[in-house]
>>> print(open('start-v4.cif').read())   # mmCIF, C-alpha atoms
data_target
loop_
_atom_site.label_atom_id
_atom_site.label_comp_id
_atom_site.auth_asym_id
_atom_site.auth_seq_id
_atom_site.Cartn_x
_atom_site.Cartn_y
_atom_site.Cartn_z
CA MET A 1 18.49 13.17 3.14
CA SER A 2 20.33 14.36 6.27
CA ASN A 3 21.75 11.85 8.74
CA GLU A 4 19.20 12.99 11.33
CA LEU A 5 16.26 12.32 8.99
CA LYS A 6 17.75 9.05 7.75
CA LYS A 7 17.93 7.84 11.36
CA LEU A 8 14.26 8.72 11.94
CA HIS A 9 13.23 7.15 8.63
CA ASP A 10 15.06 3.96 9.63
CA GLU A 11 13.33 3.99 13.03
CA PHE A 12 9.86 4.17 11.45
CA LYS A 13 10.82 1.46 8.96
CA ALA A 14 12.10 -0.77 11.77
CA MET A 15 8.91 -0.21 13.80
CA LYS A 16 6.82 -1.22 10.82
CA SER A 17 8.78 -4.44 10.44
CA GLU A 18 8.87 -5.12 14.18
CA ALA A 19 5.14 -4.47 14.60
CA ALA A 20 4.23 -6.62 11.60
CA GLY A 21 6.20 -9.54 13.04
CA PHE A 22 4.90 -9.03 16.56
CA LEU A 23 1.24 -8.62 15.55
CA SER A 24 1.36 -11.66 13.28
CA ASN A 25 2.19 -13.69 16.41
CA VAL A 26 -0.68 -12.27 18.45
CA ARG A 27 -3.76 -14.47 18.38
CA ASP A 28 -7.14 -12.81 17.84
CA ASN A 29 -8.27 -13.81 21.35
CA GLU A 30 -5.14 -12.14 22.83
CA PHE A 31 -5.43 -8.87 20.92
CA ASN A 32 -8.23 -7.27 22.98
CA LYS A 33 -7.44 -9.05 26.27
CA ARG A 34 -6.30 -6.81 29.08
CA PRO A 35 -3.39 -7.87 31.25
CA PRO A 36 -3.66 -8.44 35.00
CA GLY A 37 -4.03 -5.11 36.77
CA ASN A 38 -6.38 -3.76 34.09
CA GLY A 39 -3.74 -2.02 31.93
CA TRP A 40 -4.22 -1.50 28.22
CA SER A 41 -4.64 -4.45 25.90
CA ILE A 42 -2.41 -4.92 22.85
CA ALA A 43 -5.31 -3.56 20.78
CA GLU A 44 -5.55 -0.44 22.92
CA CYS A 45 -1.80 0.21 22.61
CA ILE A 46 -2.01 -0.06 18.81
CA ASP A 47 -5.21 1.98 18.57
CA HIS A 48 -3.66 4.73 20.71
CA LEU A 49 -0.65 4.87 18.37
CA ILE A 50 -2.89 5.06 15.31
CA VAL A 51 -5.00 7.90 16.71
CA THR A 52 -2.09 9.95 18.07
CA GLY A 53 0.01 9.26 14.99
CA ASP A 54 -2.75 10.44 12.68
CA ASP A 55 -3.16 13.69 14.64
CA TYR A 56 0.59 14.31 14.70
CA CYS A 57 0.94 13.51 10.99
CA ASN A 58 -1.72 16.11 10.21
CA VAL A 59 0.07 18.75 12.29
CA PHE A 60 3.40 17.79 10.72
CA GLU A 61 2.00 18.03 7.17
CA ALA A 62 0.69 21.52 7.89
CA GLY A 63 4.17 22.43 9.14
CA LEU A 64 5.79 21.07 5.99
CA LYS A 65 3.54 23.28 3.88
CA LYS A 66 4.66 26.32 5.89
CA LEU A 67 8.32 25.38 5.43
CA GLU A 68 7.75 25.05 1.69
CA GLU A 69 5.91 28.38 1.50
CA LYS A 70 8.67 30.16 3.41
CA ASP A 71 11.38 28.22 1.55
CA LEU A 72 13.19 27.34 4.80
CA ARG A 73 15.72 24.92 3.40
CA TYR A 74 18.01 22.58 5.29
CA THR A 75 21.45 24.13 5.66
CA GLY A 76 23.20 21.94 8.20
CA GLU A 77 22.81 19.74 11.25
CA MET A 78 19.42 19.73 12.96
CA LYS A 79 19.42 19.65 16.76
CA TYR A 80 16.77 19.16 19.40
CA SER A 81 15.95 21.94 21.82
CA TRP A 82 16.50 21.31 25.53
CA PHE A 83 12.73 20.98 26.04
CA GLY A 84 12.46 18.70 23.02
CA ARG A 85 15.19 16.38 24.34
CA LYS A 86 13.47 16.22 27.75
CA PHE A 87 10.09 15.50 26.21
CA ILE A 88 11.49 12.77 23.96
CA ALA A 89 13.24 11.20 26.98
CA ASN A 90 9.92 11.13 28.86
CA VAL A 91 8.19 9.07 26.17
CA GLU A 92 11.16 6.85 25.26
CA PRO A 93 11.17 3.33 26.72
CA PRO A 94 11.90 2.05 29.24
CA VAL A 95 9.01 3.88 30.87
CA LYS A 96 10.15 6.12 33.68
CA ARG A 97 6.86 7.95 34.18
CA LYS A 98 3.32 7.12 33.22
CA PHE A 99 1.07 9.79 31.78
CA LYS A 100 -2.68 9.92 31.44
CA SER A 101 -3.75 9.92 27.84
CA PRO A 102 -5.83 12.97 26.84
CA GLY A 103 -9.50 12.06 26.40
CA LYS A 104 -9.42 12.31 22.62
CA TRP A 105 -6.57 9.78 22.56
CA LYS A 106 -8.11 7.19 24.85
CA PRO A 107 -8.05 3.98 22.86
CA ASP A 108 -11.05 1.96 21.82
CA SER A 109 -11.46 -1.24 23.81
CA LYS A 110 -12.78 -3.62 21.13
CA ILE A 111 -10.76 -3.48 17.96
CA ASN A 112 -10.50 -5.68 14.90
CA LYS A 113 -6.93 -7.00 14.77
CA ALA A 114 -6.64 -7.15 10.98
CA LYS A 115 -7.95 -3.58 10.51
CA ALA A 116 -5.80 -2.18 13.33
CA THR A 117 -2.69 -3.95 12.02
CA ALA A 118 -3.26 -2.60 8.51
CA ALA A 119 -3.89 0.93 9.84
CA TYR A 120 -0.78 0.84 12.02
CA LEU A 121 1.45 -0.38 9.19
CA GLN A 122 -0.03 2.28 6.89
CA LEU A 123 0.77 4.90 9.54
CA GLN A 124 4.43 3.86 9.39
CA GLU A 125 4.35 4.29 5.61
CA ARG A 126 2.88 7.74 6.10
CA TRP A 127 5.63 8.70 8.56
CA MET A 128 8.33 7.42 6.19
CA GLU A 129 6.82 9.43 3.31
CA LEU A 130 6.70 12.55 5.48
CA VAL A 131 10.34 12.09 6.45
CA GLU A 132 11.27 11.71 2.77
CA ARG A 133 9.29 14.85 1.88
CA SER A 134 11.13 16.67 4.68
CA ALA A 135 14.59 16.13 3.20
CA PRO A 136 15.02 19.63 1.67
CA TRP A 137 13.59 21.51 4.67
CA ASP A 138 15.02 22.69 7.98
CA LEU A 139 12.55 21.15 10.41
CA THR A 140 13.98 23.14 13.31
CA LYS A 141 12.77 26.41 11.75
CA ILE A 142 9.08 25.91 12.42
CA LYS A 143 7.24 25.37 15.69
CA LEU A 144 4.10 23.26 15.67
CA PRO A 145 1.48 22.85 18.38
CA SER A 146 1.05 19.53 20.09
CA PRO A 147 -2.31 18.06 19.06
CA ALA A 148 -2.85 17.14 22.73
CA VAL A 149 -2.05 20.51 24.30
CA SER A 150 -1.94 23.38 21.82
CA TRP A 151 0.12 25.70 24.04
CA ILE A 152 3.01 23.21 23.92
CA LYS A 153 4.97 23.77 20.72
CA PHE A 154 7.76 21.69 19.23
CA SER A 155 9.87 22.03 16.15
CA ALA A 156 8.80 19.74 13.33
CA PHE A 157 12.05 17.86 13.93
CA VAL A 158 11.07 17.16 17.56
CA ILE A 159 7.59 16.06 16.41
CA LEU A 160 9.19 13.28 14.34
CA ALA A 161 11.40 12.12 17.21
CA VAL A 162 8.58 12.29 19.77
CA ASN A 163 6.45 10.06 17.59
CA SER A 164 9.23 7.60 17.00
CA ALA A 165 9.89 7.35 20.77
CA HIS A 166 6.16 7.23 21.57
CA GLN A 167 5.70 4.30 19.22
CA ARG A 168 8.62 2.40 20.75
CA ARG A 169 7.08 3.02 24.18
CA HIS A 170 3.69 1.56 23.32
CA LEU A 171 5.03 -1.29 21.19
CA GLU A 172 7.12 -2.31 24.19
CA GLN A 173 3.98 -2.01 26.34
CA ALA A 174 2.08 -4.25 23.89
CA LYS A 175 4.89 -6.83 24.00
CA ASN A 176 4.76 -6.80 27.79
CA VAL A 177 1.01 -7.38 27.65
CA LYS A 178 1.56 -10.40 25.39
CA ARG A 179 4.08 -11.81 27.88
CA ASN A 180 1.70 -11.31 30.79
CA ILE A 181 -1.70 -12.36 29.51
CA LYS A 182 -2.91 -15.85 30.27
#
>>> encode(input="start-v4.cif", output="C-alpha cells")
Amino acid sequence: MSNELKKLHDEFKAMKSEAAGFLSNVRDNEFNKRPPGNGWSIAECIDHLIVTGDDYCNVFEAGLKKLEEKDLRYTGEMKYSWFGRKFIANVEPPVKRKFKSPGKWKPDSKINKAKATAAYLQLQERWMELVERSAPWDLTKIKLPSPAVSWIKFSAFVILAVNSAHQRRHLEQAKNVKRNIK
C-alpha cells in the first residue's frame, strides 16, 4: 500500500477508535439534544456522516470498478489537484466556513444512539476496506462526481481525503456539542 493510502487508512482507523471512545461517553439523553443556538445535536452530526459516507462509498466503489476494468495501476506518488486541496481545506477542521448541507444529507433529528454508533463504526470499516482494495490502483486517474453536486468531479484519491477531513470536521462539531450542552 502506498504511503498516501496508508495515511488515509490510518486516519479512518483513528476516527473509528476516537468515535467509539467519544460515543461511549455520551449519555443517551445527550445524544439527540441540540446545543444552545439550535445547532446540530451529536446524533445529527453522526447521522450526517453516515448518510454522506454511504453515498461517497458507493461513488468510490463504482470508481474502483472502472479503475480495475481499465487496469489503471498505481505507478508512483499520488497528488491532489489544486481544486482538490482547496476543497479538502474547506472541510478540514477547524471550521473556517460553514456550508448548508444539501437536502438529501440533512440529518435525522431523533436517532437511536446504539444503532447510529454501530452504523458509524461500520462505515469506518467500509472505508478502510475500500482503501485496502485501492492499493494496486492509481486513484488519481479517474474522476468521480460528487454525490451532492454531480457537476463537481474529484479524483478517487481526493474523494478519500475529502471524506476523512469531513469526518474530522463533524466529529469535532459533535465534541463541541457535548462540551456545550447542559
>>> closest_residue(input="start-v4.cif", among="A:Gly63, A:Gly53, A:Gly39, A:Gly21", to="Arg133 (chain A)", atoms="all atoms listed in the file")
A:Gly63
>>> resolve_selection(input="start-v4.cif", expression="the PyMOL selection byres ((chain A and resi 12) around 8)", output="count of residues only")
12
>>> closest_residue(input="start-v4.cif", among="A:Ile181, A:Leu171, A:Ile46, A:Val59", to="Leu144 (chain A)", atoms="only C-alpha atoms")
A:Val59
>>> resolve_selection(input="start-v4.cif", expression="the PyMOL selection byres ((chain A and resi 31) around 7)", output="MDAnalysis selection string")
chainID A and resid 26:30 32:33 41:43 113
>>> atom_distance(input="start-v4.cif", atom1="CA of Trp137 (chain A)", atom2="CA of Asp71 (chain A)")
7.7 Å
>>> residues_around(input="start-v4.cif", residues="region 86-97 of chain A", least_positions_apart="2", cutoff="8 Å", atoms="only C-alpha atoms", output="ChimeraX atom specification")
/A:82-84,99,158,161-162,165-166,168-169,172
>>> resolve_selection(input="start-v4.cif", expression="the PyMOL selection byres ((chain A and resi 123) around 10)", output="list in words")
Phe12, Lys16, Leu49, Ile50, Val51, Gly53, Asp54, Cys57, Thr117, Ala118, Ala119, Tyr120, Leu121, Gln122, Gln124, Glu125, Arg126, Trp127, Met128 and Glu129 of chain A
>>> write_last_selection(input="start-v4.cif", atoms="C-alpha atoms", output="PDB file, in the coordinates of the input")
ATOM      1  CA  PHE A  12       9.860   4.170  11.450  1.00  0.00           C
ATOM      2  CA  LYS A  16       6.820  -1.220  10.820  1.00  0.00           C
ATOM      3  CA  LEU A  49      -0.650   4.870  18.370  1.00  0.00           C
ATOM      4  CA  ILE A  50      -2.890   5.060  15.310  1.00  0.00           C
ATOM      5  CA  VAL A  51      -5.000   7.900  16.710  1.00  0.00           C
ATOM      6  CA  GLY A  53       0.010   9.260  14.990  1.00  0.00           C
ATOM      7  CA  ASP A  54      -2.750  10.440  12.680  1.00  0.00           C
ATOM      8  CA  CYS A  57       0.940  13.510  10.990  1.00  0.00           C
ATOM      9  CA  THR A 117      -2.690  -3.950  12.020  1.00  0.00           C
ATOM     10  CA  ALA A 118      -3.260  -2.600   8.510  1.00  0.00           C
ATOM     11  CA  ALA A 119      -3.890   0.930   9.840  1.00  0.00           C
ATOM     12  CA  TYR A 120      -0.780   0.840  12.020  1.00  0.00           C
ATOM     13  CA  LEU A 121       1.450  -0.380   9.190  1.00  0.00           C
ATOM     14  CA  GLN A 122      -0.030   2.280   6.890  1.00  0.00           C
ATOM     15  CA  GLN A 124       4.430   3.860   9.390  1.00  0.00           C
ATOM     16  CA  GLU A 125       4.350   4.290   5.610  1.00  0.00           C
ATOM     17  CA  ARG A 126       2.880   7.740   6.100  1.00  0.00           C
ATOM     18  CA  TRP A 127       5.630   8.700   8.560  1.00  0.00           C
ATOM     19  CA  MET A 128       8.330   7.420   6.190  1.00  0.00           C
ATOM     20  CA  GLU A 129       6.820   9.430   3.310  1.00  0.00           C
TER      21      GLU A 129
END
>>> atom_distance(input="start-v4.cif", atom1="CA of Lys65 (chain A)", atom2="CA of Gln167 (chain A)")
24.5 Å
